[in-house]
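Notes to accompany the following structure.
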Amino acid sequence: MNSALPIRDRLIAATLECLSRWGFGKTTLNDIIREAGISRPTFYKHFRNKEDVVHEALLERADQYAAGVRQHVEQFNDAGERAVEALVYVLRTMPEEPALRMIDGSDYALLVNDETMFDTATHSLLMSIVDVVLTDQNVDDTERLEIGEMMSRFLLSFLVLKGPEPRDETALRDLFRRRLLPALGL
């Protein structure tokens with residue numbers, strides 16, 4: 001680990017490295033501390049526990065990832081198409097995303113909960129994508145929040161649960177247009 005980095009940055013980098021190597025369930029706090037080259041008391045000056053540093057590391061990487069999602073969906077002219085393309089983009093790219101691919105279905109249950117999904121930072125990232133999707137729509141804040149919640153719940157179900165049959169991107173787009181867009185009012 002690059003000891004020239006600030007300690008917090010070293011911990012974030014070490015966490016991402018350990019997660020990519022072993023996954024969330026098998027990564028221990030000792031692994032992260034060892035990878036960062038720091039002591040346990042130094043760790044506790046920056047984070048409360050493993051879950052906190054994992055959340056911070058994934059959030060930092062998710063911020064960069066969300067920028068890519070926003071850039072992708074900006075090229076579509078219709079809110080419905082932007083919603084569909086946001087979901088397809090995430091389903092296609094997340095398994096290959098270095099910082100996120102180590103999260104498999106069993107780890108989502110450990111990481112995805114009310115505290116992590118609806119904290120201020122995570123919610124802000126999600127809504128930054130929803131705002132691009134809804135660029136040309138006249139929706140109030142309640143509707144905007146509901147659309148964001150439904151898109152995230154829909155996406156999480158596809159990430160965590162295997163469907164009865166695999167779908168390619170064309171089939172996913174068709175399904176989302178038929179079932180999700182009417183539910184979102186798009």
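Chains: A, B, ... in order of the structure tokens. Residues: from 1 per chain. Ligands: from 1, in order shown.
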
Pick out the residues sitting within 9 Å of Ser128 of chain A, and hand them over as a PyMOL selection string; count only C-alpha atoms, and ignore anything fewer than 4 positions along from it in its own chain.
chain A and resi 66-67+70+123-124+132-133

When you count only C-alpha atoms, which of these residues is closest to Val90 of chain A: A:Thr15, A:Thr135, A:Ser152, A:Thr28?
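When distances to Val90 of chain A are compared using only C-alpha atoms, the smallest one comes from A:Ser152.
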
Compare A:Ile7, A:Val54, A:Ala13, A:Ala171 by their minimum atom-to-atom distance to Gly25 of chain A, counting only C-alpha atoms, and give me the closest one.
A:Val54

Between atom CA of Arg48 of chain A and atom CA of Ala62 of chain A, what is the distance in Å, rounded to a tenth?
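Pair atom CA of Arg48 of chain A / atom CA of Ala62 of chain A returns 20.7 Å.
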